[in-house]
Structure formats: C-alpha cells, structure tokens
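**Student:** Got a structure for you, data_24.pdb, holding PDB, C-alpha atoms, pLDDT in the B column.
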```
ATOM      1  CA  MET A   1     -70.169  33.342 -47.395  1.00 79.00           C
ATOM      2  CA  LYS A   2     -69.380  36.690 -49.002  1.00 91.00           C
ATOM      3  CA  ALA A   3     -65.972  38.305 -48.575  1.00 95.00           C
ATOM      4  CA  GLN A   4     -65.836  40.469 -45.456  1.00 98.00           C
ATOM      5  CA  VAL A   5     -63.936  43.682 -46.176  1.00 98.00           C
ATOM      6  CA  ILE A   6     -62.902  46.488 -43.826  1.00 98.00           C
ATOM      7  CA  CYS A   7     -62.280  49.795 -45.617  1.00 98.00           C
ATOM      8  CA  VAL A   8     -60.179  52.559 -44.044  1.00 98.00           C
ATOM      9  CA  PRO A   9     -60.016  56.036 -45.638  1.00 97.00           C
ATOM     10  CA  GLY A  10     -57.329  58.693 -45.681  1.00 95.00           C
ATOM     11  CA  SER A  11     -57.043  61.920 -43.766  1.00 91.00           C
ATOM     12  CA  VAL A  12     -59.409  64.067 -45.851  1.00 89.00           C
ATOM     13  CA  ALA A  13     -62.652  62.358 -46.948  1.00 90.00           C
ATOM     14  CA  PRO A  14     -64.573  60.198 -44.440  1.00 93.00           C
ATOM     15  CA  ALA A  15     -65.099  56.517 -45.174  1.00 96.00           C
ATOM     16  CA  ALA A  16     -68.678  56.847 -46.469  1.00 95.00           C
ATOM     17  CA  GLN A  17     -67.590  59.417 -49.049  1.00 94.00           C
ATOM     18  CA  ARG A  18     -64.355  57.660 -49.982  1.00 96.00           C
ATOM     19  CA  TYR A  19     -65.876  54.216 -50.447  1.00 97.00           C
ATOM     20  CA  GLY A  20     -69.430  54.979 -51.563  1.00 97.00           C
ATOM     21  CA  PRO A  21     -68.587  54.334 -55.244  1.00 97.00           C
ATOM     22  CA  LEU A  22     -66.716  51.129 -54.383  1.00 97.00           C
ATOM     23  CA  SER A  23     -69.679  49.848 -52.362  1.00 97.00           C
ATOM     24  CA  ALA A  24     -71.984  50.535 -55.296  1.00 96.00           C
ATOM     25  CA  ALA A  25     -69.645  48.902 -57.814  1.00 96.00           C
ATOM     26  CA  VAL A  26     -69.069  45.801 -55.669  1.00 96.00           C
ATOM     27  CA  GLY A  27     -72.790  45.343 -55.041  1.00 93.00           C
ATOM     28  CA  GLN A  28     -73.587  41.936 -53.569  1.00 93.00           C
ATOM     29  CA  SER A  29     -70.124  40.480 -54.278  1.00 92.00           C
ATOM     30  CA  ALA A  30     -68.833  41.352 -50.799  1.00 97.00           C
ATOM     31  CA  ASP A  31     -69.784  42.992 -47.506  1.00 97.00           C
ATOM     32  CA  LEU A  32     -67.894  46.270 -47.104  1.00 98.00           C
ATOM     33  CA  HIS A  33     -67.530  47.563 -43.546  1.00 98.00           C
ATOM     34  CA  LEU A  34     -66.502  51.223 -43.511  1.00 98.00           C
ATOM     35  CA  LYS A  35     -64.251  52.379 -40.686  1.00 98.00           C
ATOM     36  CA  ASP A  36     -63.243  55.994 -40.149  1.00 97.00           C
ATOM     37  CA  LEU A  37     -59.913  56.952 -38.623  1.00 97.00           C
ATOM     38  CA  GLU A  38     -59.680  57.133 -34.846  1.00 97.00           C
ATOM     39  CA  LEU A  39     -58.001  60.482 -35.504  1.00 95.00           C
ATOM     40  CA  TYR A  40     -61.391  62.112 -36.092  1.00 94.00           C
ATOM     41  CA  ARG A  41     -63.476  60.611 -33.277  1.00 91.00           C
ATOM     42  CA  GLU A  42     -63.457  63.999 -31.546  1.00 91.00           C
ATOM     43  CA  ASP A  43     -63.166  67.588 -32.699  1.00 88.00           C
ATOM     44  CA  ALA A  44     -59.396  67.557 -32.110  1.00 91.00           C
ATOM     45  CA  PRO A  45     -56.815  64.768 -32.466  1.00 93.00           C
ATOM     46  CA  PRO A  46     -56.577  62.631 -29.307  1.00 93.00           C
ATOM     47  CA  ALA A  47     -53.815  63.540 -26.880  1.00 93.00           C
ATOM     48  CA  GLY A  48     -50.801  61.342 -27.583  1.00 94.00           C
ATOM     49  CA  TYR A  49     -52.256  60.255 -30.920  1.00 97.00           C
ATOM     50  CA  SER A  50     -50.299  57.401 -32.513  1.00 98.00           C
ATOM     51  CA  ILE A  51     -50.560  54.823 -35.284  1.00 98.00           C
ATOM     52  CA  ASP A  52     -51.077  52.149 -32.618  1.00 98.00           C
ATOM     53  CA  LEU A  53     -54.389  53.846 -31.814  1.00 98.00           C
ATOM     54  CA  GLU A  54     -55.489  53.221 -35.428  1.00 98.00           C
ATOM     55  CA  LEU A  55     -54.316  49.591 -35.393  1.00 98.00           C
ATOM     56  CA  ASP A  56     -56.121  48.914 -32.126  1.00 98.00           C
ATOM     57  CA  GLY A  57     -59.181  50.584 -33.635  1.00 98.00           C
ATOM     58  CA  ILE A  58     -59.172  48.161 -36.566  1.00 98.00           C
ATOM     59  CA  ASP A  59     -58.855  45.251 -34.123  1.00 98.00           C
ATOM     60  CA  ARG A  60     -61.782  46.549 -32.092  1.00 98.00           C
ATOM     61  CA  PHE A  61     -63.900  47.165 -35.191  1.00 98.00           C
ATOM     62  CA  ALA A  62     -63.219  43.652 -36.526  1.00 98.00           C
ATOM     63  CA  GLY A  63     -64.074  42.207 -33.123  1.00 98.00           C
ATOM     64  CA  GLU A  64     -67.397  44.051 -33.058  1.00 98.00           C
ATOM     65  CA  LEU A  65     -68.157  42.521 -36.467  1.00 98.00           C
ATOM     66  CA  GLY A  66     -67.133  39.059 -35.259  1.00 97.00           C
ATOM     67  CA  LEU A  67     -64.371  38.801 -37.863  1.00 97.00           C
ATOM     68  CA  GLY A  68     -61.333  36.671 -37.089  1.00 96.00           C
ATOM     69  CA  ARG A  69     -59.830  37.234 -40.534  1.00 97.00           C
ATOM     70  CA  PHE A  70     -60.841  39.750 -43.172  1.00 98.00           C
ATOM     71  CA  HIS A  71     -59.809  41.658 -46.276  1.00 98.00           C
ATOM     72  CA  LEU A  72     -58.425  45.158 -45.690  1.00 98.00           C
ATOM     73  CA  VAL A  73     -58.833  48.034 -48.173  1.00 98.00           C
ATOM     74  CA  ALA A  74     -57.169  51.380 -47.533  1.00 98.00           C
ATOM     75  CA  TYR A  75     -56.371  54.736 -49.092  1.00 98.00           C
ATOM     76  CA  SER A  76     -53.662  57.360 -48.422  1.00 96.00           C
ATOM     77  CA  GLY A  77     -53.146  57.836 -44.661  1.00 97.00           C
ATOM     78  CA  GLY A  78     -55.237  54.750 -44.089  1.00 98.00           C
ATOM     79  CA  GLY A  79     -52.785  52.991 -46.406  1.00 98.00           C
ATOM     80  CA  PHE A  80     -49.925  53.698 -43.999  1.00 98.00           C
ATOM     81  CA  CYS A  81     -52.016  52.236 -41.182  1.00 98.00           C
ATOM     82  CA  ALA A  82     -52.949  49.211 -43.326  1.00 98.00           C
ATOM     83  CA  LEU A  83     -49.300  48.471 -44.115  1.00 98.00           C
ATOM     84  CA  ALA A  84     -48.468  48.734 -40.419  1.00 98.00           C
ATOM     85  CA  TYR A  85     -51.387  46.425 -39.650  1.00 98.00           C
ATOM     86  CA  ALA A  86     -50.210  43.911 -42.250  1.00 98.00           C
ATOM     87  CA  GLY A  87     -46.735  43.850 -40.758  1.00 98.00           C
ATOM     88  CA  THR A  88     -47.843  43.513 -37.146  1.00 98.00           C
ATOM     89  CA  ARG A  89     -50.960  41.339 -37.552  1.00 98.00           C
ATOM     90  CA  PRO A  90     -50.486  39.323 -40.756  1.00 97.00           C
ATOM     91  CA  GLU A  91     -52.513  36.434 -39.377  1.00 97.00           C
ATOM     92  CA  ARG A  92     -55.661  38.621 -39.402  1.00 97.00           C
ATOM     93  CA  LEU A  93     -55.606  39.424 -43.115  1.00 98.00           C
ATOM     94  CA  LEU A  94     -56.910  37.438 -46.062  1.00 97.00           C
ATOM     95  CA  SER A  95     -55.807  40.147 -48.487  1.00 98.00           C
ATOM     96  CA  LEU A  96     -54.630  43.759 -48.572  1.00 98.00           C
ATOM     97  CA  SER A  97     -55.617  46.359 -51.183  1.00 98.00           C
ATOM     98  CA  ILE A  98     -54.264  49.914 -51.124  1.00 98.00           C
ATOM     99  CA  PHE A  99     -54.607  52.938 -53.360  1.00 98.00           C
ATOM    100  CA  GLU A 100     -51.707  55.369 -52.916  1.00 98.00           C
ATOM    101  CA  ALA A 101     -50.494  55.000 -49.352  1.00 98.00           C
ATOM    102  CA  ALA A 102     -49.543  58.395 -47.937  1.00 96.00           C
ATOM    103  CA  ARG A 103     -46.273  56.857 -46.809  1.00 96.00           C
ATOM    104  CA  ILE A 104     -44.710  53.458 -46.227  1.00 98.00           C
ATOM    105  CA  PRO A 105     -43.946  52.693 -42.566  1.00 98.00           C
ATOM    106  CA  GLY A 106     -40.303  52.334 -41.644  1.00 97.00           C
ATOM    107  CA  PRO A 107     -37.089  54.240 -42.364  1.00 96.00           C
ATOM    108  CA  PRO A 108     -37.526  55.980 -45.733  1.00 95.00           C
ATOM    109  CA  THR A 109     -35.200  55.816 -48.692  1.00 95.00           C
ATOM    110  CA  GLU A 110     -33.379  59.047 -49.522  1.00 95.00           C
ATOM    111  CA  ALA A 111     -35.859  59.757 -52.346  1.00 94.00           C
ATOM    112  CA  GLU A 112     -38.808  59.321 -49.968  1.00 94.00           C
ATOM    113  CA  ALA A 113     -37.135  61.487 -47.335  1.00 93.00           C
ATOM    114  CA  ALA A 114     -36.451  64.235 -49.881  1.00 93.00           C
ATOM    115  CA  TYR A 115     -40.131  64.422 -50.816  1.00 91.00           C
ATOM    116  CA  GLY A 116     -41.102  64.403 -47.138  1.00 88.00           C
ATOM    117  CA  ARG A 117     -38.851  67.397 -46.495  1.00 91.00           C
ATOM    118  CA  GLU A 118     -40.327  69.184 -49.514  1.00 90.00           C
ATOM    119  CA  LEU A 119     -43.874  68.583 -48.287  1.00 87.00           C
ATOM    120  CA  GLU A 120     -43.026  69.673 -44.743  1.00 86.00           C
ATOM    121  CA  SER A 121     -41.450  72.860 -46.044  1.00 91.00           C
ATOM    122  CA  ALA A 122     -44.486  73.647 -48.207  1.00 89.00           C
ATOM    123  CA  LEU A 123     -46.879  73.188 -45.264  1.00 87.00           C
ATOM    124  CA  ASN A 124     -44.782  74.930 -42.619  1.00 89.00           C
ATOM    125  CA  GLY A 125     -46.662  77.821 -41.041  1.00 89.00           C
ATOM    126  CA  LEU A 126     -49.860  77.297 -43.047  1.00 85.00           C
ATOM    127  CA  THR A 127     -53.281  76.824 -41.479  1.00 84.00           C
ATOM    128  CA  GLY A 128     -56.865  76.244 -42.545  1.00 79.00           C
ATOM    129  CA  GLY A 129     -57.633  76.532 -46.244  1.00 80.00           C
ATOM    130  CA  ASP A 130     -54.077  77.551 -47.139  1.00 87.00           C
ATOM    131  CA  PHE A 131     -52.777  74.357 -45.503  1.00 85.00           C
ATOM    132  CA  MET A 132     -55.283  72.181 -47.360  1.00 82.00           C
ATOM    133  CA  SER A 133     -54.585  73.841 -50.726  1.00 87.00           C
ATOM    134  CA  ALA A 134     -50.836  73.301 -50.403  1.00 87.00           C
ATOM    135  CA  PHE A 135     -51.328  69.750 -49.101  1.00 85.00           C
ATOM    136  CA  VAL A 136     -53.414  68.846 -52.150  1.00 86.00           C
ATOM    137  CA  ARG A 137     -51.308  70.611 -54.789  1.00 88.00           C
ATOM    138  CA  MET A 138     -48.076  69.022 -53.565  1.00 87.00           C
ATOM    139  CA  GLN A 139     -49.388  65.522 -54.266  1.00 88.00           C
ATOM    140  CA  VAL A 140     -50.392  65.841 -57.912  1.00 92.00           C
ATOM    141  CA  LYS A 141     -48.486  66.525 -61.110  1.00 92.00           C
ATOM    142  CA  PRO A 142     -48.421  70.083 -62.489  1.00 88.00           C
ATOM    143  CA  GLY A 143     -51.534  70.770 -64.536  1.00 84.00           C
ATOM    144  CA  ALA A 144     -53.658  68.063 -62.904  1.00 86.00           C
ATOM    145  CA  ARG A 145     -57.245  69.223 -62.575  1.00 87.00           C
ATOM    146  CA  LEU A 146     -58.497  69.547 -59.025  1.00 86.00           C
ATOM    147  CA  ALA A 147     -62.049  69.793 -57.768  1.00 77.00           C
ATOM    148  CA  PRO A 148     -63.033  73.068 -56.076  1.00 75.00           C
ATOM    149  CA  PRO A 149     -62.463  73.065 -52.307  1.00 67.00           C
ATOM    150  CA  ALA A 150     -65.323  71.596 -50.314  1.00 64.00           C
ATOM    151  CA  PRO A 151     -67.520  74.140 -48.498  1.00 67.00           C
ATOM    152  CA  PRO A 152     -66.414  74.633 -44.899  1.00 66.00           C
ATOM    153  CA  ASN A 153     -68.146  72.297 -42.461  1.00 69.00           C
ATOM    154  CA  ALA A 154     -67.485  70.779 -39.050  1.00 69.00           C
ATOM    155  CA  GLU A 155     -65.770  67.708 -40.465  1.00 73.00           C
ATOM    156  CA  MET A 156     -63.462  69.585 -42.848  1.00 76.00           C
ATOM    157  CA  ARG A 157     -62.426  72.011 -40.110  1.00 78.00           C
ATOM    158  CA  LYS A 158     -60.861  69.023 -38.330  1.00 83.00           C
ATOM    159  CA  ARG A 159     -58.637  68.155 -41.266  1.00 85.00           C
ATOM    160  CA  PRO A 160     -55.639  70.532 -41.023  1.00 87.00           C
ATOM    161  CA  ALA A 161     -54.935  69.626 -37.381  1.00 91.00           C
ATOM    162  CA  GLY A 162     -55.671  65.968 -38.087  1.00 92.00           C
ATOM    163  CA  ILE A 163     -53.333  65.802 -41.068  1.00 91.00           C
ATOM    164  CA  ALA A 164     -50.539  67.458 -39.079  1.00 91.00           C
ATOM    165  CA  ALA A 165     -51.049  64.955 -36.230  1.00 95.00           C
ATOM    166  CA  LEU A 166     -51.037  62.048 -38.685  1.00 95.00           C
ATOM    167  CA  ILE A 167     -47.758  63.183 -40.252  1.00 93.00           C
ATOM    168  CA  ARG A 168     -46.162  63.388 -36.799  1.00 95.00           C
ATOM    169  CA  ALA A 169     -47.486  59.895 -36.025  1.00 97.00           C
ATOM    170  CA  PHE A 170     -45.954  58.570 -39.255  1.00 96.00           C
ATOM    171  CA  ASP A 171     -42.569  59.928 -38.200  1.00 95.00           C
ATOM    172  CA  ALA A 172     -42.826  58.436 -34.712  1.00 97.00           C
ATOM    173  CA  TYR A 173     -43.959  54.945 -35.682  1.00 98.00           C
ATOM    174  CA  PRO A 174     -41.180  52.306 -35.422  1.00 97.00           C
ATOM    175  CA  PHE A 175     -41.371  49.680 -38.166  1.00 98.00           C
ATOM    176  CA  ASP A 176     -39.123  47.199 -39.937  1.00 98.00           C
ATOM    177  CA  ARG A 177     -40.187  46.981 -43.573  1.00 98.00           C
ATOM    178  CA  ASP A 178     -38.676  43.523 -43.903  1.00 97.00           C
ATOM    179  CA  VAL A 179     -41.562  42.043 -41.893  1.00 98.00           C
ATOM    180  CA  LEU A 180     -43.761  42.607 -44.960  1.00 98.00           C
ATOM    181  CA  ARG A 181     -41.705  39.989 -46.799  1.00 97.00           C
ATOM    182  CA  ARG A 182     -43.250  37.359 -44.528  1.00 95.00           C
ATOM    183  CA  CYS A 183     -46.842  38.205 -45.467  1.00 96.00           C
ATOM    184  CA  ARG A 184     -48.416  35.360 -47.446  1.00 93.00           C
ATOM    185  CA  PHE A 185     -51.736  36.927 -48.421  1.00 96.00           C
ATOM    186  CA  PRO A 186     -52.282  38.562 -51.849  1.00 96.00           C
ATOM    187  CA  VAL A 187     -51.759  42.313 -52.118  1.00 98.00           C
ATOM    188  CA  PHE A 188     -53.151  44.794 -54.646  1.00 98.00           C
ATOM    189  CA  TYR A 189     -51.517  48.218 -54.908  1.00 98.00           C
ATOM    190  CA  GLY A 190     -52.878  50.934 -57.178  1.00 98.00           C
ATOM    191  CA  TYR A 191     -51.774  54.455 -58.020  1.00 98.00           C
ATOM    192  CA  GLY A 192     -52.686  57.140 -60.547  1.00 97.00           C
ATOM    193  CA  ASP A 193     -50.545  58.421 -63.397  1.00 96.00           C
ATOM    194  CA  LEU A 194     -51.443  62.048 -62.566  1.00 96.00           C
ATOM    195  CA  SER A 195     -50.224  61.821 -58.977  1.00 96.00           C
ATOM    196  CA  HIS A 196     -46.807  63.135 -57.976  1.00 94.00           C
ATOM    197  CA  ASP A 197     -43.998  60.817 -59.098  1.00 95.00           C
ATOM    198  CA  GLU A 198     -43.491  59.957 -55.435  1.00 95.00           C
ATOM    199  CA  GLN A 199     -46.485  57.641 -55.730  1.00 96.00           C
ATOM    200  CA  ALA A 200     -44.795  55.561 -58.447  1.00 97.00           C
ATOM    201  CA  LEU A 201     -41.692  55.449 -56.242  1.00 97.00           C
ATOM    202  CA  LYS A 202     -43.685  54.032 -53.333  1.00 97.00           C
ATOM    203  CA  ALA A 203     -45.423  51.501 -55.574  1.00 98.00           C
ATOM    204  CA  GLY A 204     -42.004  50.214 -56.653  1.00 97.00           C
ATOM    205  CA  ILE A 205     -40.822  49.927 -53.047  1.00 97.00           C
ATOM    206  CA  VAL A 206     -43.941  48.064 -51.921  1.00 98.00           C
ATOM    207  CA  ALA A 207     -43.646  45.739 -54.927  1.00 97.00           C
ATOM    208  CA  GLN A 208     -40.226  44.620 -53.673  1.00 97.00           C
ATOM    209  CA  LEU A 209     -41.499  43.818 -50.177  1.00 98.00           C
ATOM    210  CA  PHE A 210     -44.590  41.622 -50.559  1.00 98.00           C
ATOM    211  CA  PRO A 211     -44.139  38.124 -52.051  1.00 96.00           C
ATOM    212  CA  ASP A 212     -47.590  38.087 -53.712  1.00 96.00           C
ATOM    213  CA  ILE A 213     -48.441  41.524 -55.109  1.00 97.00           C
ATOM    214  CA  HIS A 214     -50.160  43.005 -58.141  1.00 97.00           C
ATOM    215  CA  VAL A 215     -49.396  46.670 -58.913  1.00 98.00           C
ATOM    216  CA  ARG A 216     -51.655  48.678 -61.226  1.00 97.00           C
ATOM    217  CA  ARG A 217     -51.193  52.217 -62.558  1.00 98.00           C
ATOM    218  CA  PHE A 218     -54.533  53.811 -63.374  1.00 97.00           C
ATOM    219  CA  GLU A 219     -54.663  56.351 -66.186  1.00 96.00           C
ATOM    220  CA  GLY A 220     -56.212  59.777 -65.803  1.00 95.00           C
ATOM    221  CA  VAL A 221     -56.502  59.831 -62.016  1.00 96.00           C
ATOM    222  CA  HIS A 222     -54.549  61.309 -59.138  1.00 95.00           C
ATOM    223  CA  HIS A 223     -54.534  61.233 -55.348  1.00 94.00           C
ATOM    224  CA  PHE A 224     -57.408  63.694 -55.008  1.00 92.00           C
ATOM    225  CA  ALA A 225     -59.563  62.606 -57.932  1.00 94.00           C
ATOM    226  CA  PRO A 226     -63.238  62.105 -57.028  1.00 93.00           C
ATOM    227  CA  PRO A 227     -63.796  58.677 -55.444  1.00 95.00           C
ATOM    228  CA  GLU A 228     -65.967  57.578 -58.377  1.00 96.00           C
ATOM    229  CA  ASP A 229     -63.042  58.223 -60.743  1.00 96.00           C
ATOM    230  CA  ILE A 230     -60.749  56.039 -58.616  1.00 97.00           C
ATOM    231  CA  TYR A 231     -63.082  53.212 -57.599  1.00 97.00           C
ATOM    232  CA  THR A 232     -64.505  52.534 -61.043  1.00 96.00           C
ATOM    233  CA  PRO A 233     -66.258  49.252 -61.937  1.00 96.00           C
ATOM    234  CA  GLU A 234     -62.934  48.099 -63.440  1.00 96.00           C
ATOM    235  CA  HIS A 235     -61.062  48.838 -60.201  1.00 97.00           C
ATOM    236  CA  ALA A 236     -63.804  47.179 -58.168  1.00 97.00           C
ATOM    237  CA  GLY A 237     -63.594  44.101 -60.383  1.00 97.00           C
ATOM    238  CA  LEU A 238     -59.866  43.801 -59.734  1.00 97.00           C
ATOM    239  CA  LEU A 239     -60.474  43.958 -55.991  1.00 97.00           C
ATOM    240  CA  VAL A 240     -63.227  41.350 -56.148  1.00 97.00           C
ATOM    241  CA  ASP A 241     -60.791  39.088 -58.040  1.00 96.00           C
ATOM    242  CA  ILE A 242     -58.212  39.527 -55.261  1.00 96.00           C
ATOM    243  CA  TRP A 243     -60.800  38.745 -52.581  1.00 97.00           C
ATOM    244  CA  THR A 244     -62.047  35.670 -54.456  1.00 95.00           C
ATOM    245  CA  THR A 245     -58.529  34.323 -54.985  1.00 93.00           C
ATOM    246  CA  ALA A 246     -57.662  34.900 -51.331  1.00 94.00           C
ATOM    247  CA  GLU A 247     -60.818  33.161 -50.127  1.00 91.00           C
ATOM    248  CA  GLU A 248     -60.078  30.136 -52.313  1.00 87.00           C
ATOM    249  CA  SER A 249     -56.476  29.947 -51.088  1.00 83.00           C
ATOM    250  CA  ALA A 250     -57.579  30.194 -47.447  1.00 81.00           C
ATOM    251  CA  ARG A 251     -60.048  27.330 -47.946  1.00 80.00           C
ATOM    252  CA  GLU A 252     -57.384  25.161 -49.585  1.00 74.00           C
ATOM    253  CA  LEU A 253     -54.924  25.791 -46.761  1.00 71.00           C
ATOM    254  CA  SER A 254     -57.542  24.943 -44.157  1.00 66.00           C
ATOM    255  CA  GLY A 255     -58.463  21.739 -46.004  1.00 60.00           C
ATOM    256  CA  GLN A 256     -62.102  22.754 -46.454  1.00 56.00           C
TER     257      GLN A 256
END
```
Let me see whether you can do it: turn the structure in this file into structure tokens.
**Tutor:**
Amino acid sequence: MKAQVICVPGSVAPAAQRYGPLSAAVGQSADLHLKDLELYREDAPPAGYSIDLELDGIDRFAGELGLGRFHLVAYSGGGFCALAYAGTRPERLLSLSIFEAARIPGPPTEAEAAYGRELESALNGLTGGDFMSAFVRMQVKPGARLAPPAPPNAEMRKRPAGIAALIRAFDAYPFDRDVLRRCRFPVFYGYGDLSHDEQALKAGIVAQLFPDIHVRRFEGVHHFAPPEDIYTPEHAGLLVDIWTTAEESARELSGQ
C-alpha cells in the first residue's frame, strides 16, 4: 500500500497551490491528500477561532479518508498546527515533515519572543495589501527576490484577517514543548537560507526536541519562494525516503 500523506498549507496559499509541485514530483510514490485550513472555510475567520479547530479538522479529514495513522506534511502556519498535532496525537502519525513552521507551539525563547514583537510592531495598524507586503518582507532576508503580489481575488481578500486570527490563536494555544521529546516517529524539518534568520533559530529548537529528526537547509529559497522552488524533485525525494523508512519501521514494530 502506498504511503498516505495529509498535507496542510500555511496562511497564504491554499493547499492545491502550495502542494501542486510536490504532488507532481512524488507521482505514484504516495497518495497526497490536500487539506486547507479550517480558518478559511468561510469568508471570515470563525468566531472563537483556535488551533484546536485545526487539530479537530485534521482528525475529521483523516476519518473521512479512513486513515488510522498517516504521514503529515505542513508548511508555515500549518507547521504550527502540525507540531501541535504531533504533541497531542502522536499515536496518529507515521512521520512528520515541515517546511518553515510559522512558530513553534509553547512558551517562546527570548529570541523567538523578540522576533514576534518585531513582527507585531511591523503589522500593527496595517490592512489589506499593506499588511500582506509587510508580512512577507519581514520573513525574508534583505535583498531576497519576491514574486509580484497576486492579483486581488476572493481568496486573497481573506488572508489579512485570517493571518491576524492565526497569530492570535498561536498566542492563546497552551502547549508543553517537552511532549515532543516522546514522539517516536521520524521527523523532517526544512528551511531556506534566504529566509529570516528566525527560521534557522526555530530549526535548531525543533532539532533539540524530537528524538528522530533530520534538518535540511535548502539553498536559494525563502519562506515565500514559489512552491515549485521549494518542493523540488530533490525535496520530494527526501520526503519519500522519510515515508518509506517510517512505513518499514511501523511494519517491524507490528510484527508484519
């Protein structure tokens, strides 16, 4: 049976756009099931929106697919949700693969908190296109090339309010990072060398939490690089290796 993979995007591009290149690169090696954030089910964020809504959404999505255990792939804001899922439902995961989590759940280090305050200050009072421009620029290194803003459409008009709601949900979510030390599935964590240095900081923190983790820095990409520049055939091959290894380990543990 092929690896069954649930893919969760971040707060900007929808799942089909984010993971289209990965689906093409993986081909018949695995079944990728794309799941958008609950945040964008309606035109405005749900009242009382929380990270638990996203975790329950993953549970519901997996149940609809008939998956007891599965591989989880996530990006940016979806990466925060995936880490929270791993810590609260480790028995559901065969592996976890993340590219540049927006944040790590749990009380931040002082360096993480300092960047969070800087980002909040840069976004304070901004709306619409100005909000999105500042949000993007703050997460890449100076001089990094950025694609032109996407033409306004119904989906993109949801993003400023959605991103603000997601940041508030990050702050409100209670989490003990030490629970990640008990996760026994393999983890892959990638980040780009043109992203803000905060991404390398988070990669180092995550690397100290999971017992079985492979961290990879990708050259020439950043947080907002086109999906095809992030999920290259090389990147896809690394993920397929993780899925294959995890499947083999699961079979050995079950005695099959």
**Student:** List as a PDB file with C-alpha atoms, keeping the file's coordinate frame the protein and nucleic acid residues near Lys141 (chain A), meaning an atom at most 6 Å away when all atoms listed in the file are counted, but skip any in the same chain fewer than 6 places from it.
**Tutor:**
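Wrote part20.pdb, looks like this:
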```pdb
ATOM      1  CA  LEU A 194     -51.443  62.048 -62.566  1.00 96.00           C
ATOM      2  CA  SER A 195     -50.224  61.821 -58.977  1.00 96.00           C
ATOM      3  CA  HIS A 196     -46.807  63.135 -57.976  1.00 94.00           C
TER       4      HIS A 196
END
```
**Student:** May I have the residues within 6 Å of region 56-70 of chain A as a tab-separated table (two decimals) with C-alpha atoms, in the coordinates of the input, using all atoms listed in the file and disregarding those fewer than 6 positions away in the same chain?
**Tutor:**
```tsv
chain	number	residue	atom	x	y	z
A	4	GLN	CA	-65.84	40.47	-45.46
A	5	VAL	CA	-63.94	43.68	-46.18
A	92	ARG	CA	-55.66	38.62	-39.40
A	93	LEU	CA	-55.61	39.42	-43.12
A	94	LEU	CA	-56.91	37.44	-46.06
```
**Student:** Tell me which residues the PyMOL selection byres ((chain A and resi 163-171) around 9) grabs here, as a ChimeraX atom specification.
**Tutor:** /A:11-12,39,45,49-51,77,80-81,103-107,158-162,172-174
**Student:** Rounded to one decimal, what separation in Å do you get between CA of Leu96 (chain A) and CA of Val240 (chain A)?
**Tutor:**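 Distance reported for this atom pair: 11.7 Å.
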**Student:** For the atom pair CA of Thr244 (chain A) and CA of Glu38 (chain A), what is the interatomic distance in Å to one decimal place?
**Tutor:**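 Answer for the CA of Thr244 (chain A) to CA of Glu38 (chain A) separation: 29.2 Å.
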**Student:** Could you tell me, as a list in words, exactly which residues end up selected when the PyMOL selection byres ((chain A and resi 238) around 12) is applied to this structure?
**Tutor:**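 Selected by the PyMOL selection byres ((chain A and resi 238) around 12) here: Leu22, Ala25, Val26, Ser97, Ile98, Val187, Phe188, Tyr189, Gly190, His214, Val215, Arg216, Phe218, Tyr231, Thr232, Pro233, Glu234, His235, Ala236, Gly237, Leu239, Val240, Asp241, Ile242, Trp243, Thr244 and Thr245 of chain A.
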**Student:** Can you translate the PyMOL selection byres ((chain A and resi 219) around 10) into the concrete residues it hits in this file, as a list of chain:residue names?
**Tutor:**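 Expected selection for the PyMOL selection byres ((chain A and resi 219) around 10) here is A:Tyr191, A:Gly192, A:Asp193, A:Leu194, A:Arg216, A:Arg217, A:Phe218, A:Gly220, A:Val221, A:His222, A:Ile230.
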**Student:** To one decimal place, how far is CA of Asp212 (chain A) from CA of Ala246 (chain A) in Å?
**Tutor:**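 One can read the CA of Asp212 (chain A) to CA of Ala246 (chain A) distance as 10.8 Å.
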**Student:** Using all atoms of region 158-176 of chain A that appear in the file, construct an axis-aligned enclosing box with 4 Å of padding on every side and provide its centre coordinates and edge lengths in Å, rounded to one decimal, as AutoDock Vina command-line options.
**Tutor:**
```
--center_x -50.0 --center_y 58.9 --center_z -38.0 --size_x 29.7 --size_y 31.3 --size_z 14.6
```
**Student:** Can you list, as a PDB file with C-alpha atoms, in the coordinates of the input, every protein, DNA or RNA residue that comes within 8 Å of Ala122 (chain A) when you count only C-alpha atoms, leaving out same-chain residues fewer than 5 positions away?
**Tutor:**
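The result, written out as selection-v6.pdb:
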```pdb
ATOM      1  CA  ALA A 134     -50.836  73.301 -50.403  1.00 87.00           C
ATOM      2  CA  PHE A 135     -51.328  69.750 -49.101  1.00 85.00           C
ATOM      3  CA  MET A 138     -48.076  69.022 -53.565  1.00 87.00           C
TER       4      MET A 138
END
```
**Student:** Which is closest to Gln208 (chain A) among A:Pro186, A:Arg177, A:Ala82, A:Asp229, if we use all atoms listed in the file?
**Tutor:**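 Of all the options, A:Arg177 lies closest to Gln208 (chain A).
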**Student:** List the neighbours of region 110-112 of chain A out to 9 Å using all atoms listed in the file; skip same-chain residues closer than 5 positions along the sequence, and give me the result as a VMD selection string.
**Tutor:** chain A and resid 103 117 198 201 to 202
**Student:** Just checking: using only C-alpha atoms, which residue out of A:Arg184, A:Arg18, A:Glu228, A:Tyr40 ends up closest to Leu253 (chain A)?
**Tutor:**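 Checking each candidate against Leu253 (chain A), we get A:Arg184 as the closest.
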**Student:** Using all atoms listed in the file, find the one residue out of A:Leu123, A:Val8, A:Leu55, A:Val206 that sits nearest to Arg137 (chain A).
**Tutor:**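 Selected residue with least distance to Arg137 (chain A): A:Leu123.
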**Student:** Tell me which protein, DNA and RNA residues are within 10 Å of Met1 (chain A), counting all atoms listed in the file, leaving out same-chain ones fewer than 6 positions away, and put them as a count of residues only.
**Tutor:** 4
**Student:** Residues around (-69.8, 60.1, -46.4), cut-off 12 Å, counting only C-alpha atoms - what are they as a VMD selection string?
**Tutor:** chain A and resid 9 12 to 21 23 34 to 36 155 to 156 227
**Student:** Pick out the closest residue to Ala86 (chain A) from this set: A:Leu126, A:Val179, A:Ala147, A:Ala102. Count all atoms listed in the file.
**Tutor:**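 Looking only at the distances to Ala86 (chain A), the closest residue turns out to be A:Val179.
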